[in-house]
file protein19.csv (CSV, C-alpha atoms)
chain,number,residue,atom,x,y,z
A,680,MET,CA,153.7,97.0,44.3
A,681,GLU,CA,155.9,94.2,45.5
A,682,LYS,CA,156.6,91.7,42.8
A,683,ILE,CA,156.5,88.1,43.9
A,684,PHE,CA,158.2,85.5,41.7
A,685,PHE,CA,159.8,82.1,41.6
A,686,PHE,CA,162.7,81.1,39.4
A,687,LEU,CA,163.4,77.6,38.1
A,688,GLU,CA,166.5,76.6,36.3
A,689,ASN,CA,167.4,73.1,34.9
A,690,PHE,CA,164.4,71.6,36.7
A,691,THR,CA,162.6,68.8,34.8
A,692,VAL,CA,161.1,70.4,31.7
A,693,PHE,CA,162.2,73.9,32.7
A,694,GLU,CA,165.6,75.2,31.4
A,695,LYS,CA,165.2,78.6,32.8
A,696,VAL,CA,162.0,80.4,33.6
A,697,GLU,CA,160.8,83.1,36.0
A,698,ILE,CA,157.1,83.3,36.8
A,699,ASP,CA,155.4,86.3,38.5
A,700,VAL,CA,152.8,85.2,41.0
A,701,CYS,CA,150.2,86.9,43.1
A,702,LYS,CA,149.3,86.5,46.8
A,703,GLY,CA,145.8,85.2,45.9
A,704,VAL,CA,144.8,82.6,43.3
A,705,ASN,CA,147.4,81.5,40.7
A,706,VAL,CA,146.0,79.2,38.0
A,707,PHE,CA,148.4,77.2,35.7
A,708,ILE,CA,147.2,75.8,32.4
A,709,GLY,CA,149.1,74.0,29.7
A,710,GLU,CA,149.3,70.9,27.7
A,711,ASN,CA,150.4,67.6,29.2
A,712,GLY,CA,154.1,67.6,29.8
A,713,THR,CA,154.5,71.3,30.4
A,714,GLY,CA,155.4,70.9,34.1
A,715,LYS,CA,152.3,72.2,35.9
A,716,THR,CA,152.3,69.5,38.6
A,717,HIS,CA,156.1,69.5,38.8
A,718,LEU,CA,156.0,73.2,39.4
A,719,LEU,CA,153.4,72.9,42.2
A,720,LYS,CA,155.3,70.1,43.9
A,721,ALA,CA,158.6,72.0,43.7
A,722,LEU,CA,157.3,74.9,45.6
A,723,TYR,CA,155.5,72.7,48.1
A,724,CYS,CA,158.5,70.6,48.8
A,725,MET,CA,160.7,73.7,49.1
A,726,GLY,CA,158.5,75.0,51.9
A,727,LYS,CA,158.4,71.7,53.7
A,728,ARG,CA,162.2,71.3,53.6
A,729,ASN,CA,162.8,74.9,54.8
A,730,LYS,CA,160.3,74.3,57.6
A,731,SER,CA,162.3,71.3,58.9
A,732,ARG,CA,165.6,73.3,58.6
A,733,HIS,CA,164.2,76.3,60.5
A,734,PHE,CA,163.0,74.3,63.5
A,735,ASP,CA,165.4,72.2,65.6
A,736,LYS,CA,162.6,70.2,67.2
A,737,ALA,CA,160.8,68.9,64.1
A,738,ASP,CA,158.2,66.3,64.9
A,739,ALA,CA,158.6,62.7,63.9
A,740,GLU,CA,156.1,63.1,61.0
A,741,ASP,CA,158.2,65.9,59.5
A,742,ASN,CA,161.3,63.8,59.8
A,743,GLU,CA,159.7,60.9,58.0
A,744,ILE,CA,158.3,63.1,55.3
A,745,HIS,CA,161.7,64.8,54.5
A,746,SER,CA,163.4,61.4,54.4
A,747,TYR,CA,160.9,60.4,51.8
A,748,ILE,CA,161.4,63.6,49.8
A,749,ASP,CA,165.1,62.8,49.7
A,750,ASP,CA,164.5,59.2,48.5
A,751,LEU,CA,161.3,58.9,46.4
A,752,ASN,CA,161.2,59.1,42.6
A,753,ILE,CA,162.9,62.4,42.1
A,754,ASP,CA,166.2,63.3,43.7
A,755,PHE,CA,164.7,66.2,45.7
A,756,ARG,CA,168.0,66.7,47.5
A,757,SER,CA,169.7,68.0,44.3
A,758,TYR,CA,166.7,69.9,43.2
A,759,PHE,CA,165.8,71.5,46.5
A,760,GLY,CA,169.1,71.3,48.4
A,761,ILE,CA,172.3,73.2,48.2
A,762,ASP,CA,171.9,73.8,44.4
A,763,ASN,CA,168.9,75.9,45.2
A,764,LEU,CA,167.5,75.5,41.6
A,765,VAL,CA,164.1,76.8,42.7
A,766,ARG,CA,164.0,80.3,44.2
A,767,TYR,CA,161.2,82.4,45.5
A,768,GLY,CA,161.5,86.0,46.4
A,769,SER,CA,160.4,89.6,45.6
A,770,ASN,CA,161.3,92.5,43.3
A,771,THR,CA,164.4,91.5,41.4
A,772,HIS,CA,166.9,88.6,41.1
A,773,GLN,CA,169.3,90.6,43.1
A,774,GLY,CA,166.9,90.4,46.0
A,775,SER,CA,165.9,86.8,45.4
A,776,VAL,CA,166.2,84.5,48.4
A,777,LYS,CA,165.5,80.9,49.4
A,778,MET,CA,161.8,80.3,49.9
A,779,GLY,CA,160.9,81.1,53.5
A,780,VAL,CA,159.0,79.1,56.0
A,781,PHE,CA,155.3,78.8,55.5
A,782,GLU,CA,152.5,76.4,56.3
A,783,SER,CA,151.4,74.6,53.1
A,784,ILE,CA,149.3,71.8,52.0
A,785,PHE,CA,149.2,69.9,48.7
A,786,ILE,CA,146.0,68.3,47.4
A,787,PRO,CA,146.8,65.8,44.7
A,788,ALA,CA,144.6,65.0,41.7
A,789,LYS,CA,144.3,61.4,42.9
A,790,GLU,CA,141.8,60.7,45.7
A,791,MET,CA,143.6,59.0,48.6
A,792,LEU,CA,141.3,59.0,51.7
A,793,THR,CA,139.7,55.8,50.4
A,794,HIS,CA,143.1,54.1,51.1
A,795,SER,CA,143.7,55.7,54.5
A,796,LYS,CA,143.6,52.6,56.6
A,797,GLY,CA,147.2,51.5,57.0
A,798,PHE,CA,148.6,53.1,53.9
A,799,PRO,CA,150.8,55.7,55.6
A,800,GLU,CA,152.1,53.1,58.0
A,801,MET,CA,153.1,50.9,55.0
A,802,ALA,CA,154.9,53.8,53.5
A,803,VAL,CA,156.9,54.3,56.7
A,804,LYS,CA,157.8,50.5,56.8
A,805,TYR,CA,158.7,50.1,53.1
A,806,GLY,CA,160.0,53.7,52.4
A,807,LYS,CA,161.3,54.2,48.9
A,808,ASP,CA,160.3,50.7,47.7
A,809,MET,CA,156.7,52.0,47.5
A,810,PRO,CA,156.2,53.6,44.1
A,811,PHE,CA,154.1,56.5,45.5
A,812,ASP,CA,154.7,60.2,45.5
A,813,ILE,CA,155.0,61.7,49.0
A,814,THR,CA,152.1,64.0,48.5
A,815,LEU,CA,149.8,61.0,48.2
A,816,ILE,CA,150.9,59.8,51.6
A,817,GLU,CA,151.0,63.1,53.3
A,818,ILE,CA,147.5,64.2,52.4
A,819,ILE,CA,146.2,61.1,54.4
A,820,ASN,CA,148.2,62.0,57.5
A,821,ILE,CA,147.0,65.6,57.3
A,822,ALA,CA,143.3,64.7,56.8
A,823,ARG,CA,143.4,62.2,59.7
A,824,ARG,CA,144.1,64.9,62.3
A,825,TRP,CA,141.4,65.7,64.9
A,826,LYS,CA,138.8,68.2,63.8
A,827,LEU,CA,137.4,71.1,65.8
A,828,ALA,CA,134.0,71.0,67.4
A,829,GLU,CA,133.3,74.5,66.1
A,830,ILE,CA,133.7,75.8,62.6
A,831,PRO,CA,136.9,77.9,62.3
A,832,ASP,CA,136.3,81.6,61.3
A,833,ILE,CA,137.9,81.0,57.9
A,834,ALA,CA,135.4,78.3,57.1
A,835,LYS,CA,132.1,79.7,58.4
A,836,SER,CA,130.9,80.7,55.0
A,837,ILE,CA,132.3,77.6,53.2
A,838,VAL,CA,131.5,74.6,55.5
A,839,PRO,CA,127.7,75.0,55.2
A,840,ILE,CA,128.0,74.9,51.4
A,841,LEU,CA,130.1,71.7,51.5
A,842,GLU,CA,127.7,70.1,53.9
A,843,LYS,CA,124.8,70.9,51.6
A,844,ILE,CA,126.7,69.3,48.7
A,845,MET,CA,127.6,66.2,50.7
A,846,GLN,CA,124.2,66.2,52.6
A,847,GLY,CA,126.3,65.3,55.6
A,848,VAL,CA,129.6,65.7,57.4
A,849,VAL,CA,132.9,63.8,57.4
A,850,VAL,CA,133.7,61.4,60.3
A,851,VAL,CA,137.0,59.5,60.9
A,852,GLU,CA,136.8,56.2,62.7
A,853,ASN,CA,139.9,54.0,63.2
A,854,ASP,CA,141.7,56.0,60.5
A,855,GLU,CA,139.0,55.4,57.9
A,856,PHE,CA,136.8,58.1,56.4
A,857,PHE,CA,133.0,58.2,56.2
A,858,ILE,CA,130.3,60.6,55.3
A,859,GLN,CA,127.7,60.8,58.1
A,860,ARG,CA,124.1,61.5,57.0
A,861,GLU,CA,120.8,61.2,58.8
A,862,GLU,CA,120.2,57.7,57.4
A,863,GLY,CA,123.7,56.5,58.5
A,864,LYS,CA,127.3,56.7,57.5
A,865,THR,CA,128.8,55.7,54.1
A,866,HIS,CA,132.5,54.7,53.6
A,867,PHE,CA,134.5,56.8,51.3
A,868,ALA,CA,135.2,53.8,49.1
A,869,VAL,CA,131.6,53.8,47.8
A,870,GLU,CA,131.1,57.5,47.6
A,871,ALA,CA,131.1,59.5,44.3
A,872,GLU,CA,134.5,60.8,43.5
A,873,GLY,CA,133.3,64.4,43.4
A,874,ILE,CA,131.6,64.1,46.8
A,875,LYS,CA,134.9,62.8,48.2
A,876,LYS,CA,136.7,65.8,46.9
A,877,PHE,CA,134.3,68.2,48.7
A,878,GLY,CA,134.6,65.9,51.8
A,879,LEU,CA,138.4,66.3,51.8
A,880,LEU,CA,138.1,70.0,51.6
A,881,TRP,CA,135.6,70.0,54.5
A,882,GLN,CA,138.0,67.9,56.6
A,883,LEU,CA,141.0,70.2,55.9
A,884,LEU,CA,139.0,73.2,57.0
A,885,MET,CA,137.6,71.7,60.1
A,886,ASN,CA,140.9,70.4,61.4
A,887,GLU,CA,142.6,73.7,60.6
A,888,SER,CA,145.0,72.4,58.0
A,889,ILE,CA,143.8,75.2,55.8
A,890,THR,CA,144.2,78.4,57.7
A,891,PRO,CA,144.7,82.1,56.8
A,892,ASN,CA,148.2,82.8,55.5
A,893,CYS,CA,148.8,79.2,54.5
A,894,VAL,CA,149.6,78.2,50.9
A,895,LEU,CA,147.3,75.6,49.2
A,896,PHE,CA,148.7,73.7,46.2
A,897,TRP,CA,145.8,72.0,44.4
A,898,ASP,CA,146.3,69.8,41.4
A,899,GLU,CA,143.2,69.6,39.2
A,900,PRO,CA,140.5,70.6,41.7
A,901,GLU,CA,137.8,70.3,39.1
A,902,ALA,CA,138.6,66.6,38.4
A,903,ASN,CA,135.5,64.4,38.9
A,904,ILE,CA,133.3,67.4,39.8
A,905,ASN,CA,129.9,67.6,38.1
A,906,PRO,CA,129.9,70.6,35.8
A,907,LYS,CA,127.0,72.2,37.6
A,908,LEU,CA,129.1,72.3,40.8
A,909,ILE,CA,132.1,74.0,39.1
A,910,PRO,CA,130.9,77.5,39.8
A,911,VAL,CA,130.3,76.5,43.5
A,912,LEU,CA,133.9,75.2,43.6
A,913,VAL,CA,135.2,78.5,42.1
A,914,GLU,CA,133.3,80.6,44.7
A,915,ILE,CA,134.9,78.5,47.4
A,916,ILE,CA,138.4,79.0,46.0
A,917,LEU,CA,137.9,82.7,45.7
A,918,GLU,CA,136.5,82.9,49.3
A,919,LEU,CA,139.6,81.0,50.6
A,920,SER,CA,141.7,83.6,48.8
A,921,ARG,CA,139.8,86.5,50.4
A,922,GLN,CA,140.4,84.8,53.8
A,923,GLY,CA,144.1,85.0,53.3
A,924,VAL,CA,145.0,81.7,51.7
A,925,GLN,CA,147.4,81.8,48.7
A,926,LEU,CA,146.5,79.2,46.1
A,927,PHE,CA,148.5,77.5,43.3
A,928,ILE,CA,146.2,75.5,41.0
A,929,ALA,CA,146.8,73.4,38.0
A,930,THR,CA,143.9,72.7,35.7
A,931,HIS,CA,143.0,71.3,32.3
A,932,ASP,CA,139.4,72.5,32.4
A,933,TYR,CA,138.2,75.4,30.3
A,934,ILE,CA,134.9,75.8,32.2
A,935,PHE,CA,136.7,76.0,35.6
A,936,ALA,CA,139.3,78.6,34.4
A,937,LYS,CA,136.6,80.7,32.7
A,938,TYR,CA,134.4,80.7,35.8
A,939,LEU,CA,137.3,82.0,37.8
A,940,GLU,CA,137.7,84.9,35.4
A,941,ILE,CA,133.9,85.6,35.4
A,942,LYS,CA,133.3,85.3,39.1
A,943,MET,CA,136.4,87.1,40.4
A,944,GLN,CA,135.7,90.6,41.8
A,945,GLU,CA,137.8,93.7,41.2
A,946,SER,CA,139.3,93.3,44.6
A,947,ASP,CA,140.3,89.7,44.1
A,948,ASP,CA,143.9,88.9,43.4
A,949,VAL,CA,143.9,86.3,40.6
A,950,GLN,CA,146.5,85.5,37.9
A,951,PHE,CA,146.5,83.0,35.0
A,952,HIS,CA,149.7,81.4,33.9
A,953,ALA,CA,150.1,79.5,30.6
A,954,LEU,CA,153.0,77.0,30.4
A,955,TYR,CA,154.0,76.2,26.8
A,956,LYS,CA,156.8,74.4,25.0
A,957,ASN,CA,159.3,76.5,23.1
A,958,GLY,CA,162.3,74.8,21.6
A,959,GLY,CA,163.9,72.6,24.2
A,960,GLY,CA,162.2,73.9,27.3
A,961,VAL,CA,159.0,75.3,28.7
A,962,GLU,CA,158.2,79.0,29.0
A,963,ALA,CA,155.4,80.9,30.8
A,964,GLN,CA,153.1,83.7,30.1
A,965,THR,CA,151.2,85.5,32.9
A,966,CYS,CA,148.0,87.6,32.6
A,967,ASP,CA,145.4,89.0,34.9
A,968,ASN,CA,142.6,87.6,32.6
A,969,PHE,CA,142.2,84.1,31.3
A,970,ARG,CA,141.1,85.3,27.8
A,971,GLU,CA,144.3,87.4,27.4
A,972,LEU,CA,146.6,84.4,27.4
A,973,LYS,CA,148.1,84.0,24.0
A,974,GLU,CA,149.4,80.5,24.6
A,975,ASN,CA,146.1,79.2,25.8
A,976,SER,CA,145.7,75.5,25.1
A,977,LEU,CA,142.2,75.4,26.8
A,978,ILE,CA,140.8,78.1,24.5
A,979,THR,CA,142.4,76.5,21.5
A,980,ALA,CA,140.7,73.2,22.3
A,981,PHE,CA,137.4,74.9,22.9
A,982,ASP,CA,137.6,76.8,19.6
A,983,THR,CA,138.4,73.6,17.8
A,984,LEU,CA,135.3,72.0,19.2
A,985,MET,CA,133.1,74.9,18.3
A,986,ASP,CA,134.4,74.9,14.7
A,987,GLU,CA,133.6,71.2,14.5
A,988,VAL,CA,130.1,71.8,15.9
A,989,ILE,CA,129.4,74.7,13.5
A,990,GLY,CA,130.8,72.7,10.6
A,991,ARG,CA,128.6,69.7,11.3
A,992,ASN,CA,125.5,71.9,11.8
A,993,MET,CA,126.1,73.6,8.5
A,994,GLY,CA,126.6,70.2,6.8
A,995,ASP,CA,123.2,69.1,8.1

call {"tool": "encode", "arguments": {"input": "protein19.csv", "output": "structure tokens"}}
result
Amino acid sequence: MEKIFFFLENFTVFEKVEIDVCKGVNVFIGENGTGKTHLLKALYCMGKRNKSRHFDKADAEDNEIHSYIDDLNIDFRSYFGIDNLVRYGSNTHQGSVKMGVFESIFIPAKEMLTHSKGFPEMAVKYGKDMPFDITLIEIINIARRWKLAEIPDIAKSIVPILEKIMQGVVVVENDEFFIQREEGKTHFAVEAEGIKKFGLLWQLLMNESITPNCVLFWDEPEANINPKLIPVLVEIILELSRQGVQLFIATHDYIFAKYLEIKMQESDDVQFHALYKNGGGVEAQTCDNFRELKENSLITAFDTLMDEVIGRNMGD
């Protein structure tokens, strides 16, 4: 079987690490400061830069995005340019190549559609003087695209679930987001954070930003989601994978990771990756099952909680 990997060297907290990944769902766990989000953003931005280099007639939005990538916060030119510190390939290092062109989308942990009115335009005007990561700006532009009148094939089993959770659909008016229900429409600013997250996913499916063979990078998808909806979210993620979407997910949530392990079928392609500090850098362990990760900060925290609960009950 083809081995897919990416290799990072001298990149933020990573001195040198190679991580095997699958074509389905890749779940990254680890304590704060172990580079989970950095890793997702590195791969995402590599794909975006390569896309602009492969097409001579890149659109204006792409040109603006890549100028931001060069200027904002991290020197992406040195990380993702000629030094090629991040590589993505197959089989062995001898066969490693620069990451190819692929359609990708990054969903940040921070909800941004509430701030959609005028925010991307301000970013264009003020550029690097705005202290915002490019992914926060780009998700607004992507979500504001026109949506289809009919549900795309990839979303036919997912969109009805999202509409049931929201009890409505997403509408965009004058670059602002609302949820339309029978009783009227509600601005995203006053919606529950969890509802907005499902609303964003609905919009990205309906405007064909998420399509088969694309790569979805999702930072903390479980954030602000009611625990009873976590298994629903997991089923949606697995269905996206079955429809041909490759996913890279960073999470801090034991319940979310455990549900993925429980609900995945034998035919599903899922891998769990633990990032952990070792000496001066961060290393990685990869397993097909969440419970088999030895450096599992989520299980350690859960076990500590259970020990305290048992100890208190015995004390009573």

call {"tool": "residues_around", "arguments": {"input": "protein19.csv", "residues": "A:Cys893", "least_positions_apart": "2", "cutoff": "8 Å", "atoms": "only C-alpha atoms", "output": "PyMOL selection string"}}
result
chain A and resi 781-784+889-891+895+923-925

call {"tool": "closest_residue", "arguments": {"input": "protein19.csv", "among": "A:Leu880, A:Lys796, A:Leu827, A:Met845", "to": "A:Lys864", "atoms": "all atoms listed in the file"}}
result
A:Met845

call {"tool": "atom_distance", "arguments": {"input": "protein19.csv", "atom1": "atom CA of A:Trp881", "atom2": "atom CA of A:Val803"}}
result
26.6 Å

call {"tool": "closest_residue", "arguments": {"input": "protein19.csv", "among": "A:Gly990, A:Thr979, A:Arg824, A:Leu972", "to": "A:Glu887", "atoms": "only C-alpha atoms"}}
result
A:Arg824

call {"tool": "residues_around", "arguments": {"input": "protein19.csv", "residues": "A:Ile915", "least_positions_apart": "6", "cutoff": "12 Å", "atoms": "only C-alpha atoms", "output": "PyMOL selection string"}}
result
chain A and resi 704+833-841+877+880-881+884+900+908-909+921-922+924+926+938-939+942-943

call {"tool": "atom_distance", "arguments": {"input": "protein19.csv", "atom1": "atom CA of A:Leu719", "atom2": "atom CA of A:Ala929"}}
result
7.8 Å

call {"tool": "atom_distance", "arguments": {"input": "protein19.csv", "atom1": "atom CA of A:Asn820", "atom2": "atom CA of A:Phe707"}}
result
26.6 Å

call {"tool": "residues_around", "arguments": {"input": "protein19.csv", "residues": "A:Asn905", "least_positions_apart": "5", "cutoff": "10 Å", "atoms": "all atoms listed in the file", "output": "ChimeraX atom specification"}}
result
/A:872-874

call {"tool": "residues_around", "arguments": {"input": "protein19.csv", "residues": "A:Ile698", "least_positions_apart": "5", "cutoff": "8 Å", "atoms": "only C-alpha atoms", "output": "list in words"}}
result
Phe684, Phe685, Phe686, Ala963, Gln964 and Thr965 of chain A
